[in-house]
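Below: my_file39.cif (mmCIF, C-alpha atoms and all ligand atoms)
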```
data_my_file
#
loop_
_atom_site.label_atom_id
_atom_site.label_comp_id
_atom_site.auth_asym_id
_atom_site.auth_seq_id
_atom_site.Cartn_x
_atom_site.Cartn_y
_atom_site.Cartn_z
CA MET T 263 34.73 56.47 -22.01
CA ALA T 264 36.98 55.39 -24.90
CA ARG T 265 40.52 56.69 -24.67
CA THR T 266 41.68 58.89 -27.53
CA TYR T 267 45.01 58.23 -29.24
CA LEU T 268 47.10 59.84 -31.94
CA ILE T 269 49.76 57.60 -33.45
CA ALA T 270 52.09 59.82 -35.47
CA GLY T 271 55.05 58.88 -37.62
CA ASN T 272 57.87 61.41 -37.99
CA TRP T 273 59.72 60.27 -41.10
CA LYS T 274 62.47 62.87 -40.58
CA MET T 275 64.78 63.12 -43.65
CA HIS T 276 63.72 59.78 -45.11
CA THR T 277 61.79 58.89 -48.29
CA THR T 278 61.92 60.32 -51.78
CA PRO T 279 58.45 60.90 -53.28
CA PRO T 280 58.32 57.38 -54.81
CA GLU T 281 59.50 55.82 -51.53
CA ALA T 282 56.93 57.87 -49.62
CA ARG T 283 54.20 56.65 -51.95
CA THR T 284 55.18 53.03 -51.34
CA LEU T 285 55.41 53.40 -47.56
CA ALA T 286 52.21 55.44 -47.26
CA THR T 287 50.33 52.93 -49.42
CA ALA T 288 51.46 50.07 -47.18
CA ILE T 289 50.53 52.01 -44.03
CA ALA T 290 47.09 52.90 -45.42
CA GLU T 291 46.44 49.23 -46.25
CA LYS T 292 47.43 48.05 -42.78
CA HIS T 293 45.50 50.89 -41.16
CA ASN T 294 42.37 49.90 -43.07
CA SER T 295 42.69 46.25 -42.16
CA LEU T 296 42.94 47.19 -38.46
CA LYS T 297 39.67 49.17 -38.73
CA PRO T 298 40.67 51.58 -35.94
CA PRO T 299 37.86 53.12 -33.87
CA SER T 300 37.36 56.86 -34.42
CA SER T 301 39.15 57.45 -31.11
CA VAL T 302 42.44 56.25 -32.66
CA GLN T 303 43.93 58.57 -35.27
CA THR T 304 46.92 57.89 -37.48
CA LEU T 305 49.24 60.55 -38.87
CA ILE T 306 52.32 60.39 -41.08
CA CYS T 307 54.76 63.29 -41.46
CA PRO T 308 56.99 62.88 -44.54
CA PRO T 309 59.56 65.44 -45.73
CA TYR T 310 57.87 68.41 -47.46
CA ILE T 311 58.81 67.20 -50.92
CA SER T 312 57.08 63.85 -50.33
CA ILE T 313 53.87 65.18 -48.77
CA HIS T 314 51.96 65.22 -52.04
CA ALA T 315 52.85 61.61 -52.89
CA ALA T 316 51.90 60.50 -49.37
CA LEU T 317 48.58 62.34 -49.51
CA GLU T 318 47.67 60.68 -52.79
CA ALA T 319 48.62 57.29 -51.39
CA VAL T 320 46.48 57.59 -48.23
CA ALA T 321 43.46 59.26 -49.88
CA GLY T 322 40.23 57.81 -48.50
CA SER T 323 41.99 55.74 -45.82
CA GLY T 324 41.53 58.08 -42.85
CA VAL T 325 45.31 58.38 -42.39
CA HIS T 326 46.27 62.04 -41.89
CA VAL T 327 49.36 63.71 -43.29
CA GLY T 328 51.42 66.43 -41.59
CA ALA T 329 54.63 68.40 -42.04
CA GLN T 330 57.74 68.33 -39.86
CA ASP T 331 58.20 72.09 -39.51
CA CYS T 332 57.11 75.45 -40.92
CA HIS T 333 58.13 79.11 -40.82
CA PHE T 334 56.11 81.67 -38.85
CA GLU T 335 55.69 84.24 -41.65
CA PRO T 336 52.92 83.82 -44.25
CA LYS T 337 55.28 84.66 -47.17
CA GLY T 338 58.42 86.56 -48.00
CA ALA T 339 62.13 86.39 -48.72
CA PHE T 340 63.00 83.34 -46.62
CA THR T 341 64.82 81.09 -49.06
CA GLY T 342 64.22 77.42 -48.41
CA GLU T 343 61.36 77.95 -45.94
CA ILE T 344 57.72 76.87 -46.10
CA ALA T 345 54.87 79.01 -44.69
CA PRO T 346 52.08 77.59 -42.51
CA ASN T 347 49.39 78.46 -45.09
CA MET T 348 51.39 76.50 -47.70
CA VAL T 349 51.48 73.47 -45.40
CA LYS T 350 47.74 73.81 -44.85
CA ALA T 351 46.96 74.33 -48.55
CA SER T 352 49.01 71.25 -49.46
CA GLY T 353 46.51 69.13 -47.53
CA CYS T 354 48.27 68.70 -44.17
CA SER T 355 46.32 68.68 -40.92
CA HIS T 356 49.26 68.80 -38.48
CA VAL T 357 52.74 70.26 -38.21
CA ILE T 358 55.50 69.10 -35.86
CA LEU T 359 57.19 72.09 -34.19
CA GLY T 360 60.18 72.26 -31.86
CA HIS T 361 61.48 68.76 -32.42
CA SER T 362 64.71 68.39 -30.45
CA GLU T 363 66.63 67.96 -33.72
CA ARG T 364 65.39 71.41 -34.80
CA ARG T 365 66.33 72.82 -31.40
CA GLN T 366 69.74 71.11 -31.37
CA TYR T 367 70.94 71.37 -34.98
CA PHE T 368 69.09 74.47 -36.18
CA GLY T 369 69.18 76.59 -33.03
CA GLU T 370 65.41 76.86 -32.59
CA THR T 371 64.51 78.55 -29.32
CA ASN T 372 61.33 78.59 -27.27
CA GLY T 373 60.76 82.21 -28.39
CA LEU T 374 60.99 81.32 -32.08
CA LEU T 375 58.81 78.27 -31.53
CA ASN T 376 56.16 80.41 -29.87
CA LYS T 377 55.90 82.41 -33.11
CA LYS T 378 55.67 79.20 -35.13
CA VAL T 379 53.01 77.68 -32.87
CA ARG T 380 50.89 80.84 -33.04
CA ALA T 381 51.26 81.10 -36.82
CA ALA T 382 50.36 77.44 -37.34
CA LEU T 383 47.31 77.72 -35.06
CA SER T 384 46.06 80.78 -36.90
CA GLU T 385 46.20 78.84 -40.18
CA GLY T 386 44.10 76.04 -38.69
CA LEU T 387 46.99 73.59 -38.51
CA ILE T 388 47.32 71.41 -35.42
CA PRO T 389 50.83 71.94 -34.05
CA ILE T 390 52.54 69.00 -32.37
CA TYR T 391 54.77 70.97 -30.04
CA CYS T 392 57.74 68.91 -28.83
CA VAL T 393 59.41 69.19 -25.45
CA GLY T 394 61.96 67.08 -23.63
CA GLU T 395 65.16 67.09 -21.62
CA THR T 396 68.72 66.03 -22.51
CA LEU T 397 70.51 63.28 -20.62
CA THR T 398 72.51 65.80 -18.57
CA GLU T 399 69.35 67.67 -17.66
CA ARG T 400 67.75 64.43 -16.47
CA GLN T 401 70.82 63.45 -14.49
CA GLU T 402 70.80 66.88 -12.83
CA GLU T 403 67.08 66.35 -12.02
CA TRP T 404 66.06 69.34 -14.13
CA THR T 405 63.60 67.43 -16.32
CA LEU T 406 60.40 69.01 -15.04
CA ALA T 407 61.88 72.50 -14.89
CA VAL T 408 63.17 72.23 -18.48
CA VAL T 409 59.86 70.92 -19.80
CA ARG T 410 57.90 73.55 -17.90
CA THR T 411 60.00 76.36 -19.41
CA GLN T 412 59.59 74.90 -22.91
CA LEU T 413 55.83 74.89 -22.39
CA VAL T 414 55.48 78.28 -20.68
CA ASP T 415 57.66 80.08 -23.24
CA GLY T 416 56.59 78.10 -26.30
CA LEU T 417 52.86 78.46 -25.57
CA LYS T 418 52.95 82.09 -24.40
CA ASP T 419 49.89 84.19 -25.30
CA ILE T 420 48.02 81.30 -26.85
CA SER T 421 44.33 80.92 -26.21
CA LEU T 422 42.76 77.67 -27.26
CA GLN T 423 39.05 77.19 -27.88
CA ASN T 424 39.43 73.48 -28.27
CA ALA T 425 41.89 71.05 -26.70
CA SER T 426 42.15 69.18 -29.99
CA ASN T 427 43.71 72.21 -31.74
CA LEU T 428 47.13 71.60 -30.18
CA VAL T 429 49.09 68.44 -29.33
CA ILE T 430 52.16 68.10 -27.11
CA ALA T 431 54.88 65.49 -27.64
CA TYR T 432 57.18 64.58 -24.78
CA GLU T 433 60.40 63.33 -26.34
CA PRO T 434 63.30 62.85 -23.93
CA VAL T 435 66.34 63.64 -26.10
CA TRP T 436 68.32 60.70 -24.66
CA ALA T 437 65.64 58.26 -25.86
CA ILE T 438 65.46 59.46 -29.48
CA GLY T 439 67.01 57.03 -31.93
CA THR T 440 68.97 55.31 -29.16
CA GLY T 441 66.82 52.23 -28.64
CA LEU T 442 66.64 53.25 -24.98
CA ALA T 443 63.03 54.33 -24.42
CA ALA T 444 61.86 55.94 -21.21
CA THR T 445 60.24 53.38 -18.95
CA ALA T 446 56.46 53.57 -18.83
CA GLU T 447 56.78 54.97 -15.29
CA GLN T 448 59.24 57.69 -16.37
CA ALA T 449 56.95 58.64 -19.26
CA GLN T 450 53.86 58.74 -17.04
CA GLU T 451 55.60 60.88 -14.42
CA VAL T 452 56.55 63.56 -16.97
CA HIS T 453 53.24 63.34 -18.86
CA ALA T 454 51.29 63.91 -15.64
CA ALA T 455 53.48 66.91 -14.85
CA ILE T 456 52.99 68.25 -18.40
CA ARG T 457 49.22 67.97 -17.99
CA GLY T 458 49.51 70.04 -14.82
CA PHE T 459 51.66 72.67 -16.58
CA LEU T 460 49.22 72.83 -19.50
CA THR T 461 46.35 73.43 -17.10
CA GLU T 462 48.36 76.18 -15.43
CA ILE T 463 49.18 77.82 -18.80
CA LEU T 464 45.97 77.27 -20.77
CA GLY T 465 43.30 76.64 -18.15
CA ALA T 466 40.81 73.78 -18.25
CA VAL T 467 41.37 73.15 -21.96
CA GLY T 468 45.01 72.29 -21.17
CA ALA T 469 43.97 69.32 -19.08
CA GLU T 470 42.23 67.72 -22.07
CA MET T 471 45.07 67.95 -24.57
CA LEU T 472 46.70 64.92 -26.16
CA ILE T 473 50.24 64.31 -24.89
CA LEU T 474 52.26 61.94 -27.10
CA TYR T 475 55.35 60.04 -26.03
CA GLY T 476 58.33 59.86 -28.41
CA GLY T 477 61.73 58.21 -28.14
CA SER T 478 62.40 54.61 -29.21
CA LEU T 479 58.71 53.74 -29.12
CA LYS T 480 58.45 50.27 -30.72
CA PRO T 481 55.91 47.45 -30.99
CA ASP T 482 57.47 45.71 -27.97
CA ASN T 483 57.12 48.65 -25.56
CA ALA T 484 54.04 50.34 -27.07
CA ASP T 485 51.51 48.41 -25.04
CA GLU T 486 53.08 49.30 -21.70
CA ILE T 487 53.79 52.96 -22.47
CA LEU T 488 50.46 53.67 -24.22
CA SER T 489 48.56 52.09 -21.32
CA LYS T 490 49.68 54.81 -18.93
CA PRO T 491 46.83 57.19 -18.08
CA ASP T 492 48.47 60.42 -19.29
CA VAL T 493 49.96 58.97 -22.49
CA ASN T 494 47.68 59.70 -25.46
CA GLY T 495 49.74 58.32 -28.30
CA GLY T 496 53.18 58.33 -29.80
CA LEU T 497 55.49 60.33 -32.04
CA ILE T 498 57.51 57.64 -33.70
CA GLY T 499 60.74 57.87 -35.70
CA GLY T 500 62.52 54.65 -36.67
CA ALA T 501 59.57 52.30 -36.17
CA ALA T 502 57.37 54.53 -38.35
CA LEU T 503 59.54 53.82 -41.41
CA GLN T 504 58.32 50.21 -41.64
CA ALA T 505 54.61 49.66 -42.26
CA ASP T 506 54.62 46.50 -40.10
CA SER T 507 56.10 48.06 -36.98
CA PHE T 508 54.06 51.27 -37.34
CA ALA T 509 50.87 49.22 -37.74
CA ALA T 510 51.76 47.15 -34.67
CA ILE T 511 51.87 50.35 -32.62
CA ILE T 512 48.51 51.47 -34.07
CA ALA T 513 47.13 48.03 -33.16
CA ALA T 514 48.36 48.43 -29.56
CA ALA T 515 46.54 51.76 -29.31
CA CYS T 516 43.36 50.24 -30.79
CA LYS T 517 43.43 47.42 -28.23
CA ILE T 518 43.73 49.81 -25.29
CA ALA T 519 41.19 52.28 -26.73
CA VAL T 520 38.43 49.69 -26.92
CA SER T 521 39.27 47.82 -23.71
P1 LIG B 1 62.77 57.26 -32.64
O1 LIG B 1 61.42 56.61 -32.55
O2 LIG B 1 63.57 56.81 -33.83
O3 LIG B 1 63.52 57.18 -31.35
O4 LIG B 1 62.51 58.83 -32.92
C1 LIG B 1 61.62 59.51 -32.11
C2 LIG B 1 61.40 60.85 -32.67
O5 LIG B 1 62.30 61.69 -32.70
C3 LIG B 1 60.08 61.15 -33.22
O6 LIG B 1 59.91 62.51 -33.47
#
```

Written form, structure tokens:
Amino acid sequence: MARTYLIAGNWKMHTTPPEARTLATAIAEKHNSLKPPSSVQTLICPPYISIHAALEAVAGSGVHVGAQDCHFEPKGAFTGEIAPNMVKASGCSHVILGHSERRQYFGETNGLLNKKVRAALSEGLIPIYCVGETLTERQEEWTLAVVRTQLVDGLKDISLQNASNLVIAYEPVWAIGTGLAATAEQAQEVHAAIRGFLTEILGAVGAEMLILYGGSLKPDNADEILSKPDVNGGLIGGAALQADSFAAIIAAACKIAVS
């Protein structure tokens, strides 16, 4: 059976609308020339303000567009926030939730993220729920306990009809933006544990969910990491800001998917 992959770019706070248009156009062109099988999906997540430009640029290419966050309320007096239905109505398919930068710099907790995940799911968005340990937590050998708590609390009271309605991203905080990716073995160990936790929390559907790896994923380590059995794609920061390097990671996924 062909393996399924999601290759997702998290553009973070990069790209004005014109820059997003240029980058998304280049990604769509490279994506088209790779002719990915339907089992390999590509997603780009620009800043909110650049979503429209990116959507126009990728129209007809099969590249999906997502947001990097959303609020949990459908509307109201929450200055500066964006509601899940607004993200959906703008043309996005996915929304990243619980990125470690949101947890670290904006104080987002598992409890808050549970509200966001439930709100996004009820709007028909596919949340990409991020989990991962800090360096200290890894050194103290708390990685699996930390990730399990993030999953148990963040996914509380969720019932999923379809495994494809929710995606998990394992992003070890120490690997993000540092150039020091987890080894393929480290990634596989945590991904396999996550799959077990998901099965415990969500039942059989949990075992089928896509689990992405994020943290210094680049063209030169993509092949090895994406080949691991419980790795179903990547959530990519720095390397997603260049069409060439992002396309090289998509190409690695395509090669494994059809092999
Ligand atoms: P880098 O690929 O730049 O390490 O960022 C990973 C990330 O945070 C994706 O969400």

Given 7 Å and only C-alpha atoms and all ligand atoms, residues near ligand LIG 1 (chain B) as a ChimeraX atom specification: /T:272,361,433,437-441,476-479,497-501

Within 12 Å of (36.8, 50.9, -21.6) (file coordinates; all atoms listed in the file), which protein or nucleic acid residues are there? I'd like them as a list in words. Met263, Ala264, Arg265, Thr266, Ser301, Ser489, Cys516, Lys517, Ile518, Ala519, Val520 and Ser521 of chain T

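Among the candidates T:Ala446, T:Ile456, T:Ala509, T:Val349, the one nearest to T:Pro336 when counting all atoms listed in the file is T:Val349.
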
Which neighbours of stretch 277-283 of chain T fall inside 7 Å, counting all atoms listed in the file, when residues of the same chain fewer than 6 positions from it are skipped, and could you give them as a PyMOL selection string? chain T and resi 311-312+315-316+319

Non-local contacts of T:Glu318 (10 Å; all atoms listed in the file; under 5 positions in same chain excluded) as JSON, numbers by chain: {"T": [283, 286, 287, 313]}

Padding 5 Å on each side, edges along x, y and z: where is the centre of the box around the listed atoms of stretch 465-471 of chain T, and how long are its edges in Å to one decimal? Output it as JSON.
```
{"center_x": 42.9, "center_y": 72.2, "center_z": -21.4, "size_x": 14.3, "size_y": 18.9, "size_z": 16.4}
```

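Closest approach to T:Thr398 among T:Leu305, T:Ile511, T:Leu474, T:Val435: T:Val435, based on all atoms listed in the file.
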
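Relative to atom CA of T:Thr411, atom CA of T:Glu335 is found at 24.0 Å.
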
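Among the candidates T:Ala351, T:Leu268, T:Ile358, T:Ala449, the one nearest to T:Gly394 when counting all atoms listed in the file is T:Ala449.
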
Would you list the contacts of T:Gly386 as a ChimeraX atom specification, taking every protein, DNA or RNA residue within 10 Å and counting only C-alpha atoms, but skipping same-chain residues closer than 3 positions in sequence? /T:346-347,350,355-356,381-383,389,427

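Nearest residue to T:Asp492 among T:Val320, T:Lys480, T:Gln450, T:Ser507 is T:Gln450, counting only C-alpha atoms.
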
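Using only C-alpha atoms, the smallest distance between any of T:Ala505, T:Ala444, T:Ala270, T:Leu375 and T:Glu291 comes from T:Ala505.
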
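Put simply, atom CA of T:Thr405 is 20.2 Å away from atom CA of T:Asn376.
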
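In this comparison, which uses only C-alpha atoms, the residue of T:Leu296, T:Ile420, T:Ala290, T:Ile430 approaching T:Val493 most closely is T:Ile430.
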
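Going from atom CA of T:Thr371 over to atom CA of T:Thr396, you cover 14.9 Å.
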
Excluding T:Asn424 and its own-chain neighbours fewer than 3 positions away, which residues fall within 9 Å of it when counting only C-alpha atoms? Please give them as a compact mmCIF listing (two decimals) with C-alpha atoms, keeping the file's coordinate frame.
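Okay, selection.txt is ready:
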```txt
# COMPACT_ATOMS: atom_id res chain seq x y z
CA ASN T 427 43.71 72.21 -31.74
CA LEU T 428 47.13 71.60 -30.18
CA VAL T 467 41.37 73.15 -21.96
CA GLU T 470 42.23 67.72 -22.07
CA MET T 471 45.07 67.95 -24.57
```
